[in-house]
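K.L.:
Data: structure_19.tsv, TSV, N, CA and C atoms and all ligand atoms.
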```
chain	number	residue	atom	x	y	z
E	764	MET	N	84.04	125.52	103.85
E	764	MET	CA	84.37	124.31	103.06
E	764	MET	C	84.37	123.08	103.96
E	765	HIS	N	83.64	122.08	103.53
E	765	HIS	CA	83.49	120.81	104.23
E	765	HIS	C	84.85	120.19	104.61
E	766	GLU	N	85.74	120.07	103.63
E	766	GLU	CA	87.02	119.40	103.86
E	766	GLU	C	87.90	120.16	104.85
E	767	LEU	N	87.80	121.50	104.84
E	767	LEU	CA	88.64	122.27	105.76
E	767	LEU	C	88.24	122.00	107.21
E	768	SER	N	86.93	121.92	107.48
E	768	SER	CA	86.52	121.65	108.86
E	768	SER	C	86.94	120.23	109.27
E	769	ILE	N	86.93	119.31	108.32
E	769	ILE	CA	87.40	117.95	108.62
E	769	ILE	C	88.90	117.96	108.93
E	770	ALA	N	89.65	118.69	108.11
E	770	ALA	CA	91.10	118.78	108.31
E	770	ALA	C	91.42	119.39	109.68
E	771	MET	N	90.66	120.44	110.06
E	771	MET	CA	90.88	121.08	111.36
E	771	MET	C	90.61	120.10	112.49
E	772	GLN	N	89.57	119.29	112.32
E	772	GLN	CA	89.23	118.29	113.34
E	772	GLN	C	90.34	117.25	113.46
E	773	ILE	N	90.88	116.84	112.32
E	773	ILE	CA	91.98	115.86	112.32
E	773	ILE	C	93.17	116.42	113.10
E	774	ILE	N	93.51	117.67	112.82
E	774	ILE	CA	94.64	118.30	113.52
E	774	ILE	C	94.37	118.40	115.02
E	775	GLU	N	93.12	118.75	115.35
E	775	GLU	CA	92.74	118.83	116.76
E	775	GLU	C	92.96	117.48	117.47
E	776	ILE	N	92.54	116.42	116.82
E	776	ILE	CA	92.66	115.07	117.40
E	776	ILE	C	94.13	114.67	117.54
E	777	VAL	N	94.93	114.91	116.49
E	777	VAL	CA	96.34	114.48	116.57
E	777	VAL	C	97.12	115.31	117.58
E	778	GLU	N	96.76	116.60	117.71
E	778	GLU	CA	97.44	117.44	118.71
E	778	GLU	C	97.09	116.98	120.12
E	779	GLU	N	95.84	116.62	120.32
E	779	GLU	CA	95.38	116.10	121.61
E	779	GLU	C	96.17	114.85	121.97
E	780	GLU	N	96.30	113.97	120.98
E	780	GLU	CA	97.03	112.72	121.15
E	780	GLU	C	98.51	113.01	121.48
E	781	ALA	N	99.08	113.96	120.77
E	781	ALA	CA	100.48	114.33	121.00
E	781	ALA	C	100.67	114.86	122.42
E	782	LYS	N	99.73	115.71	122.86
E	782	LYS	CA	99.82	116.28	124.21
E	782	LYS	C	99.68	115.20	125.27
E	783	ASN	N	98.77	114.25	125.02
E	783	ASN	CA	98.56	113.15	125.96
E	783	ASN	C	99.82	112.31	126.14
E	784	HIS	N	100.65	112.27	125.10
E	784	HIS	CA	101.88	111.48	125.16
E	784	HIS	C	103.11	112.35	125.39
E	785	ALA	N	102.87	113.61	125.75
E	785	ALA	CA	103.97	114.55	125.99
E	785	ALA	C	104.94	114.61	124.82
E	786	ALA	N	104.40	114.53	123.61
E	786	ALA	CA	105.23	114.61	122.41
E	786	ALA	C	105.55	116.06	122.09
E	787	VAL	N	106.65	116.27	121.39
E	787	VAL	CA	107.03	117.63	121.03
E	787	VAL	C	106.58	117.97	119.60
E	788	GLY	N	106.19	116.95	118.88
E	788	GLY	CA	105.72	117.20	117.52
E	788	GLY	C	105.14	115.93	116.93
E	789	ILE	N	104.68	116.08	115.70
E	789	ILE	CA	104.08	114.95	114.99
E	789	ILE	C	104.83	114.78	113.68
E	790	SER	N	105.34	113.59	113.42
E	790	SER	CA	106.14	113.40	112.20
E	790	SER	C	105.33	112.83	111.05
E	791	ALA	N	104.26	112.10	111.36
E	791	ALA	CA	103.45	111.54	110.28
E	791	ALA	C	102.01	111.30	110.74
E	792	ILE	N	101.11	111.48	109.80
E	792	ILE	CA	99.70	111.19	110.04
E	792	ILE	C	99.23	110.31	108.89
E	793	LYS	N	98.62	109.19	109.23
E	793	LYS	CA	98.09	108.32	108.18
E	793	LYS	C	96.58	108.33	108.24
E	794	LEU	N	95.96	108.62	107.12
E	794	LEU	CA	94.51	108.72	107.07
E	794	LEU	C	93.93	107.63	106.17
E	795	ASP	N	92.85	107.03	106.63
E	795	ASP	CA	92.09	106.08	105.81
E	795	ASP	C	90.84	106.80	105.33
E	796	ILE	N	90.67	106.87	104.04
E	796	ILE	CA	89.53	107.60	103.48
E	796	ILE	C	88.79	106.71	102.49
E	797	GLY	N	87.58	106.37	102.84
E	797	GLY	CA	86.76	105.56	101.95
E	797	GLY	C	86.34	106.37	100.74
E	798	LYS	N	86.24	105.70	99.61
E	798	LYS	CA	85.88	106.41	98.38
E	798	LYS	C	84.44	106.91	98.39
E	799	LEU	N	83.63	106.40	99.30
E	799	LEU	CA	82.25	106.88	99.42
E	799	LEU	C	82.06	107.71	100.68
E	800	SER	N	83.15	108.22	101.23
E	800	SER	CA	83.05	109.01	102.46
E	800	SER	C	82.54	110.42	102.19
E	801	GLY	N	82.46	110.80	100.91
E	801	GLY	CA	82.01	112.14	100.56
E	801	GLY	C	83.15	113.14	100.56
E	802	ILE	N	84.36	112.64	100.76
E	802	ILE	CA	85.53	113.52	100.78
E	802	ILE	C	86.08	113.67	99.36
E	803	GLU	N	86.35	114.90	98.99
E	803	GLU	CA	86.99	115.19	97.72
E	803	GLU	C	88.50	115.17	97.97
E	804	PRO	N	89.24	114.17	97.40
E	804	PRO	CA	90.67	114.03	97.72
E	804	PRO	C	91.49	115.31	97.55
E	805	ASP	N	91.35	115.99	96.42
E	805	ASP	CA	92.12	117.22	96.19
E	805	ASP	C	91.81	118.27	97.25
E	806	ALA	N	90.53	118.41	97.56
E	806	ALA	CA	90.10	119.41	98.53
E	806	ALA	C	90.65	119.07	99.92
E	807	LEU	N	90.63	117.78	100.27
E	807	LEU	CA	91.14	117.38	101.58
E	807	LEU	C	92.64	117.61	101.68
E	808	GLU	N	93.37	117.22	100.65
E	808	GLU	CA	94.83	117.37	100.69
E	808	GLU	C	95.22	118.84	100.76
E	809	PHE	N	94.48	119.68	100.06
E	809	PHE	CA	94.70	121.12	100.12
E	809	PHE	C	94.37	121.65	101.52
E	810	ALA	N	93.24	121.20	102.05
E	810	ALA	CA	92.79	121.66	103.37
E	810	ALA	C	93.78	121.24	104.46
E	811	MET	N	94.35	120.04	104.32
E	811	MET	CA	95.32	119.56	105.31
E	811	MET	C	96.56	120.45	105.32
E	812	GLU	N	97.00	120.87	104.12
E	812	GLU	CA	98.17	121.76	104.06
E	812	GLU	C	97.90	123.06	104.82
E	813	GLU	N	96.66	123.53	104.72
E	813	GLU	CA	96.26	124.74	105.44
E	813	GLU	C	96.18	124.48	106.94
E	814	ALA	N	95.56	123.35	107.28
E	814	ALA	CA	95.26	123.06	108.68
E	814	ALA	C	96.50	122.79	109.52
E	815	VAL	N	97.55	122.23	108.91
E	815	VAL	CA	98.75	121.89	109.69
E	815	VAL	C	99.57	123.14	110.05
E	816	ARG	N	99.34	124.22	109.32
E	816	ARG	CA	100.12	125.44	109.53
E	816	ARG	C	100.02	125.93	110.97
E	817	GLY	N	101.16	126.08	111.61
E	817	GLY	CA	101.18	126.58	112.98
E	817	GLY	C	100.79	125.55	114.03
E	818	SER	N	100.51	124.33	113.57
E	818	SER	CA	100.14	123.28	114.52
E	818	SER	C	101.35	122.39	114.82
E	819	MET	N	101.16	121.46	115.74
E	819	MET	CA	102.24	120.52	116.07
E	819	MET	C	102.54	119.59	114.89
E	820	ALA	N	101.63	119.56	113.94
E	820	ALA	CA	101.79	118.67	112.79
E	820	ALA	C	102.32	119.42	111.56
E	821	GLU	N	102.84	120.62	111.81
E	821	GLU	CA	103.29	121.45	110.69
E	821	GLU	C	104.25	120.73	109.75
E	822	LYS	N	105.16	119.91	110.32
E	822	LYS	CA	106.15	119.23	109.48
E	822	LYS	C	105.79	117.76	109.24
E	823	ALA	N	104.61	117.39	109.64
E	823	ALA	CA	104.21	115.99	109.51
E	823	ALA	C	104.01	115.61	108.05
E	824	GLU	N	104.39	114.39	107.76
E	824	GLU	CA	104.10	113.83	106.43
E	824	GLU	C	102.70	113.22	106.52
E	825	VAL	N	101.81	113.67	105.68
E	825	VAL	CA	100.44	113.16	105.72
E	825	VAL	C	100.28	112.13	104.60
E	826	GLN	N	99.87	110.93	105.00
E	826	GLN	CA	99.68	109.86	104.02
E	826	GLN	C	98.19	109.58	103.87
E	827	TYR	N	97.75	109.53	102.64
E	827	TYR	CA	96.33	109.32	102.35
E	827	TYR	C	96.13	107.94	101.76
E	828	ASN	N	95.34	107.15	102.45
E	828	ASN	CA	95.05	105.81	101.97
E	828	ASN	C	93.58	105.77	101.54
E	829	TYR	N	93.37	105.84	100.24
E	829	TYR	CA	92.00	105.84	99.73
E	829	TYR	C	91.51	104.41	99.57
E	830	ILE	N	90.38	104.15	100.19
E	830	ILE	CA	89.88	102.77	100.25
E	830	ILE	C	88.71	102.57	99.30
E	831	GLN	N	88.87	101.59	98.43
E	831	GLN	CA	87.83	101.24	97.48
E	831	GLN	C	86.59	100.75	98.23
E	832	ALA	N	85.44	101.20	97.80
E	832	ALA	CA	84.19	100.78	98.44
E	832	ALA	C	83.85	99.34	98.04
E	833	VAL	N	83.42	98.56	99.03
E	833	VAL	CA	83.06	97.17	98.79
E	833	VAL	C	81.68	96.91	99.40
E	834	SER	N	80.85	96.25	98.62
E	834	SER	CA	79.53	95.85	99.12
E	834	SER	C	79.48	94.34	99.19
E	835	VAL	N	78.54	93.84	99.99
E	835	VAL	CA	78.32	92.41	100.05
E	835	VAL	C	76.87	92.14	99.70
E	836	CYS	N	76.65	91.04	98.97
E	836	CYS	CA	75.29	90.64	98.63
E	836	CYS	C	74.76	89.76	99.76
E	837	GLU	N	73.59	90.12	100.28
E	837	GLU	CA	73.00	89.37	101.40
E	837	GLU	C	72.44	88.02	100.92
E	838	ASP	N	72.22	87.91	99.63
E	838	ASP	CA	71.61	86.69	99.11
E	838	ASP	C	72.64	85.63	98.70
E	839	CYS	N	73.70	86.05	97.96
E	839	CYS	CA	74.68	85.04	97.51
E	839	CYS	C	76.01	85.19	98.23
E	840	CYS	N	76.12	86.20	99.10
E	840	CYS	CA	77.30	86.42	99.94
E	840	CYS	C	78.57	86.81	99.19
E	841	HIS	N	78.45	87.12	97.92
E	841	HIS	CA	79.61	87.61	97.19
E	841	HIS	C	79.92	89.05	97.60
E	842	GLU	N	81.21	89.39	97.59
E	842	GLU	CA	81.60	90.77	97.81
E	842	GLU	C	82.01	91.36	96.47
E	843	PHE	N	81.73	92.63	96.29
E	843	PHE	CA	82.08	93.27	95.02
E	843	PHE	C	82.35	94.75	95.25
E	844	GLU	N	83.18	95.33	94.37
E	844	GLU	CA	83.49	96.75	94.47
E	844	GLU	C	82.28	97.57	94.05
E	845	SER	N	82.02	98.63	94.78
E	845	SER	CA	80.87	99.44	94.43
E	845	SER	C	81.24	100.91	94.35
E	846	GLN	N	80.53	101.61	93.50
E	846	GLN	CA	80.75	103.05	93.31
E	846	GLN	C	79.66	103.84	94.01
E	847	ASP	N	78.60	103.18	94.40
E	847	ASP	CA	77.47	103.84	95.02
E	847	ASP	C	77.03	103.06	96.25
E	848	TYR	N	76.17	103.72	97.03
E	848	TYR	CA	75.65	103.06	98.23
E	848	TYR	C	74.76	101.88	97.88
E	849	PHE	N	73.92	102.10	96.88
E	849	PHE	CA	72.97	101.05	96.52
E	849	PHE	C	73.37	100.47	95.18
E	850	LYS	N	73.54	99.18	95.17
E	850	LYS	CA	73.98	98.58	93.94
E	850	LYS	C	73.42	97.18	93.79
E	851	THR	N	73.19	96.80	92.56
E	851	THR	CA	72.71	95.46	92.26
E	851	THR	C	73.89	94.51	92.30
E	852	CYS	N	73.69	93.34	92.88
E	852	CYS	CA	74.75	92.34	92.92
E	852	CYS	C	75.09	91.90	91.50
E	853	PRO	N	76.39	91.97	91.11
E	853	PRO	CA	76.76	91.56	89.75
E	853	PRO	C	76.72	90.04	89.56
E	854	PHE	N	76.61	89.30	90.65
E	854	PHE	CA	76.61	87.84	90.55
E	854	PHE	C	75.20	87.26	90.40
E	855	CYS	N	74.25	87.80	91.20
E	855	CYS	CA	72.90	87.22	91.16
E	855	CYS	C	71.81	88.25	90.90
E	856	ASN	N	72.22	89.52	90.65
E	856	ASN	CA	71.28	90.61	90.38
E	856	ASN	C	70.36	90.97	91.53
E	857	SER	N	70.68	90.52	92.72
E	857	SER	CA	69.88	90.89	93.88
E	857	SER	C	70.10	92.36	94.23
E	858	LEU	N	69.07	92.99	94.74
E	858	LEU	CA	69.20	94.38	95.20
E	858	LEU	C	69.48	94.41	96.69
E	859	ASN	N	69.51	93.23	97.28
E	859	ASN	CA	69.70	93.10	98.72
E	859	ASN	C	71.19	93.12	99.06
E	860	THR	N	71.81	94.29	98.85
E	860	THR	CA	73.25	94.41	99.08
E	860	THR	C	73.52	95.52	100.10
E	861	SER	N	74.64	95.41	100.79
E	861	SER	CA	74.99	96.49	101.70
E	861	SER	C	76.48	96.80	101.67
E	862	LEU	N	76.75	98.06	101.90
E	862	LEU	CA	78.13	98.55	101.85
E	862	LEU	C	78.87	98.08	103.11
E	863	ILE	N	80.01	97.43	102.94
E	863	ILE	CA	80.76	97.01	104.12
E	863	ILE	C	82.05	97.81	104.31
E	864	ARG	N	82.47	98.51	103.27
E	864	ARG	CA	83.71	99.28	103.37
E	864	ARG	C	83.63	100.44	102.38
E	865	GLY	N	84.24	101.56	102.74
E	865	GLY	CA	84.30	102.66	101.78
E	865	GLY	C	83.70	103.95	102.28
E	866	LYS	N	83.07	103.92	103.46
E	866	LYS	CA	82.48	105.14	104.02
E	866	LYS	C	83.35	105.75	105.11
E	867	GLU	N	84.42	105.04	105.47
E	867	GLU	CA	85.21	105.47	106.61
E	867	GLU	C	86.05	106.71	106.35
E	868	LEU	N	86.26	107.44	107.40
E	868	LEU	CA	87.22	108.53	107.38
E	868	LEU	C	87.84	108.49	108.76
E	869	LYS	N	89.07	107.99	108.83
E	869	LYS	CA	89.67	107.88	110.15
E	869	LYS	C	91.18	108.06	110.12
E	870	ILE	N	91.69	108.37	111.29
E	870	ILE	CA	93.13	108.50	111.44
E	870	ILE	C	93.65	107.09	111.74
E	871	ALA	N	94.40	106.53	110.81
E	871	ALA	CA	94.86	105.15	110.96
E	871	ALA	C	96.08	105.09	111.88
E	872	ALA	N	96.92	106.10	111.83
E	872	ALA	CA	98.13	106.10	112.66
E	872	ALA	C	98.69	107.51	112.80
E	873	ILE	N	99.35	107.73	113.92
E	873	ILE	CA	100.02	109.01	114.14
E	873	ILE	C	101.42	108.67	114.65
E	874	ASP	N	102.42	109.27	114.01
E	874	ASP	CA	103.79	109.10	114.50
E	874	ASP	C	104.18	110.36	115.28
E	875	LEU	N	104.50	110.16	116.55
E	875	LEU	CA	104.83	111.29	117.40
E	875	LEU	C	106.33	111.45	117.55
E	876	ILE	N	106.74	112.68	117.76
E	876	ILE	CA	108.15	112.95	118.05
E	876	ILE	C	108.24	113.20	119.56
E	877	THR	N	109.00	112.38	120.24
E	877	THR	CA	109.14	112.55	121.69
E	877	THR	C	110.60	112.81	122.00
E	878	ASN	N	110.80	113.51	123.07
E	878	ASN	CA	112.19	113.77	123.48
E	878	ASN	C	112.53	113.02	124.75
E	901	ZN	ZN	74.29	88.20	94.91
```
Let me see whether you can do it: turn the structure in this file into structure tokens.
P.N.:
Amino acid sequence: MHELSIAMQIIEIVEEEAKNHAAVGISAIKLDIGKLSGIEPDALEFAMEEAVRGSMAEKAEVQYNYIQAVSVCEDCCHEFESQDYFKTCPFCNSLNTSLIRGKELKIAAIDLITN
């Protein structure tokens, strides 16, 4: 499952970060997930529950911040919400648009428990 391997990678990264800071655990993980990142929210949230088991993040509160995709029109410079990669500008009907937000999948913040 795609989301499970992503969840495992997230745990790997946060554990690495925790070890680098000599933390004893992780209390919270904040994730930024673009709506066009290809991530299925339910599948990711389920996968995260599996992935944290037995890890330093076992008791961490995982926060999911789903980010609406936004495109910009190269011709009239308007920004607009988009559901797809390629979209016609709703202001001037130009096809010359590009996605500026919504593809990201990143760890926005990690709260570590230190002693
Ligand atoms: Zn336009």
K.L.:
Could you work out how far CA of Gly801 (chain E) lies from CA of Ile773 (chain E), giving the answer in Å with one decimal?
P.N.:
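Computing the Euclidean distance for CA of Ile773 (chain E) and CA of Gly801 (chain E) yields 15.9 Å.
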K.L.:
Which polymer residues have any atom within 6.5 Å of an atom of Ile789 (chain E), counting all atoms listed in the file, with same-chain residues fewer than 4 positions away left out, as a ChimeraX atom specification?
P.N.:
/E:819-824,874-876
K.L.:
Run DSSP on the backbone and give me the residues of region 786-836 of chain E it puts in strand (DSSP E), as a VMD selection string.
P.N.:
chain E and resid 788 to 797 824 to 830 833 to 836
K.L.:
Next, the residues of the selection above should be written as a compact mmCIF listing (two decimals), in the coordinates of the input with N, CA and C atoms.
P.N.:
```txt
# COMPACT_ATOMS: atom_id res chain seq x y z
N GLY E 788 106.19 116.95 118.88
CA GLY E 788 105.72 117.20 117.52
C GLY E 788 105.14 115.93 116.93
N ILE E 789 104.68 116.08 115.70
CA ILE E 789 104.08 114.95 114.99
C ILE E 789 104.83 114.78 113.68
N SER E 790 105.34 113.59 113.42
CA SER E 790 106.14 113.40 112.20
C SER E 790 105.33 112.83 111.05
N ALA E 791 104.26 112.10 111.36
CA ALA E 791 103.45 111.54 110.28
C ALA E 791 102.01 111.30 110.74
N ILE E 792 101.11 111.48 109.80
CA ILE E 792 99.70 111.19 110.04
C ILE E 792 99.23 110.31 108.89
N LYS E 793 98.62 109.19 109.23
CA LYS E 793 98.09 108.32 108.18
C LYS E 793 96.58 108.33 108.24
N LEU E 794 95.96 108.62 107.12
CA LEU E 794 94.51 108.72 107.07
C LEU E 794 93.93 107.63 106.17
N ASP E 795 92.85 107.03 106.63
CA ASP E 795 92.09 106.08 105.81
C ASP E 795 90.84 106.80 105.33
N ILE E 796 90.67 106.87 104.04
CA ILE E 796 89.53 107.60 103.48
C ILE E 796 88.79 106.71 102.49
N GLY E 797 87.58 106.37 102.84
CA GLY E 797 86.76 105.56 101.95
C GLY E 797 86.34 106.37 100.74
N GLU E 824 104.39 114.39 107.76
CA GLU E 824 104.10 113.83 106.43
C GLU E 824 102.70 113.22 106.52
N VAL E 825 101.81 113.67 105.68
CA VAL E 825 100.44 113.16 105.72
C VAL E 825 100.28 112.13 104.60
N GLN E 826 99.87 110.93 105.00
CA GLN E 826 99.68 109.86 104.02
C GLN E 826 98.19 109.58 103.87
N TYR E 827 97.75 109.53 102.64
CA TYR E 827 96.33 109.32 102.35
C TYR E 827 96.13 107.94 101.76
N ASN E 828 95.34 107.15 102.45
CA ASN E 828 95.05 105.81 101.97
C ASN E 828 93.58 105.77 101.54
N TYR E 829 93.37 105.84 100.24
CA TYR E 829 92.00 105.84 99.73
C TYR E 829 91.51 104.41 99.57
N ILE E 830 90.38 104.15 100.19
CA ILE E 830 89.88 102.77 100.25
C ILE E 830 88.71 102.57 99.30
N VAL E 833 83.42 98.56 99.03
CA VAL E 833 83.06 97.17 98.79
C VAL E 833 81.68 96.91 99.40
N SER E 834 80.85 96.25 98.62
CA SER E 834 79.53 95.85 99.12
C SER E 834 79.48 94.34 99.19
N VAL E 835 78.54 93.84 99.99
CA VAL E 835 78.32 92.41 100.05
C VAL E 835 76.87 92.14 99.70
N CYS E 836 76.65 91.04 98.97
CA CYS E 836 75.29 90.64 98.63
C CYS E 836 74.76 89.76 99.76
```
K.L.:
Would you mind telling me which residue in E:Gly865, E:Pro853, E:Gly788, E:Pro804 lies nearest to ligand ZN 901 (chain E) when using only C-alpha atoms and all ligand atoms?
P.N.:
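The answer is E:Pro853, which sits nearest to ligand ZN 901 (chain E).
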K.L.:
Just the residues within 8 Å of Met771 (chain E), please, counting all atoms listed in the file, with nothing from its chain fewer than 3 positions along; format it as number ranges by chain.
P.N.:
E: 765-768, 774-777, 810-811, 813-815
K.L.:
Sorted by chain and rising residue number, list the residues of chain E at most 6 Å from ligand ZN 901 (chain E) (counting all atoms listed in the file), each with its closest atom pair and distance in Å to one decimal, as a Markdown table.
P.N.:
```
| residue | atom | partner | partner_atom | distance |
| --- | --- | --- | --- | --- |
| E:Cys836 | CA | E:ZN901 | ZN | 4.6 |
| E:Glu837 | N | E:ZN901 | ZN | 5.7 |
| E:Asp838 | C | E:ZN901 | ZN | 4.9 |
| E:Cys839 | N | E:ZN901 | ZN | 3.8 |
| E:Cys840 | N | E:ZN901 | ZN | 5.0 |
| E:His841 | N | E:ZN901 | ZN | 5.2 |
| E:Cys852 | CA | E:ZN901 | ZN | 4.6 |
| E:Pro853 | N | E:ZN901 | ZN | 5.8 |
| E:Phe854 | C | E:ZN901 | ZN | 4.7 |
| E:Cys855 | N | E:ZN901 | ZN | 3.7 |
| E:Asn856 | N | E:ZN901 | ZN | 4.9 |
| E:Ser857 | N | E:ZN901 | ZN | 4.8 |
```
K.L.:
Tell me, as a ChimeraX atom specification, which residues lie within 6.5 Å of Asn878 (chain E), counting all atoms listed in the file; anything in the same chain fewer than 3 positions away does not count.
P.N.:
/E:785-787
K.L.:
Could you check how far CA of Ile802 (chain E) sits from CA of Leu868 (chain E), in Å to one decimal?
P.N.:
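A separation of 8.4 Å between them.
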K.L.:
Restricting the calculation to all atoms listed in the file, which member of E:Lys850, E:Thr877, E:Ala871, E:Val833 is positioned closest to Lys798 (chain E)?
P.N.:
E:Val833
K.L.:
Quote the spacing between atom N of Lys869 (chain E) and atom N of Gln831 (chain E) in Å to one decimal place.
P.N.:
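Taking atom N of Lys869 (chain E) as the start and atom N of Gln831 (chain E) as the end point, the length is 12.2 Å.
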K.L.:
When distances are computed from only N, CA and C atoms, which of E:Ile830, E:Ile792, E:Leu799, E:Ala770 shows the smallest separation from Tyr848 (chain E)?
P.N.:
E:Leu799
K.L.:
Between E:Ile796, E:Ile863, E:Glu778, E:Glu844, which one has atoms that come closest to Gln826 (chain E), using all atoms listed in the file?
P.N.:
E:Ile796
K.L.:
Give the answer as one residue: which of E:Val835, E:Leu858, E:Ile769, E:Ala872 has the shortest atom-to-atom distance to Glu808 (chain E), using only C-alpha atoms?
P.N.:
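Once distances to Glu808 (chain E) are computed over only C-alpha atoms, the minimum belongs to E:Ile769.
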K.L.:
Counting only C-alpha atoms, figure out which residue out of E:Arg816, E:Lys793, E:Arg864, E:Lys782 gets nearest to Phe843 (chain E).
P.N.:
E:Arg864
K.L.:
Please give the complete set of residues from region 781-827 of chain E that DSSP, run on the backbone, assigns to alpha helix (DSSP H), formatted as a PyMOL selection string.
P.N.:
chain E and resi 781-783+804-815
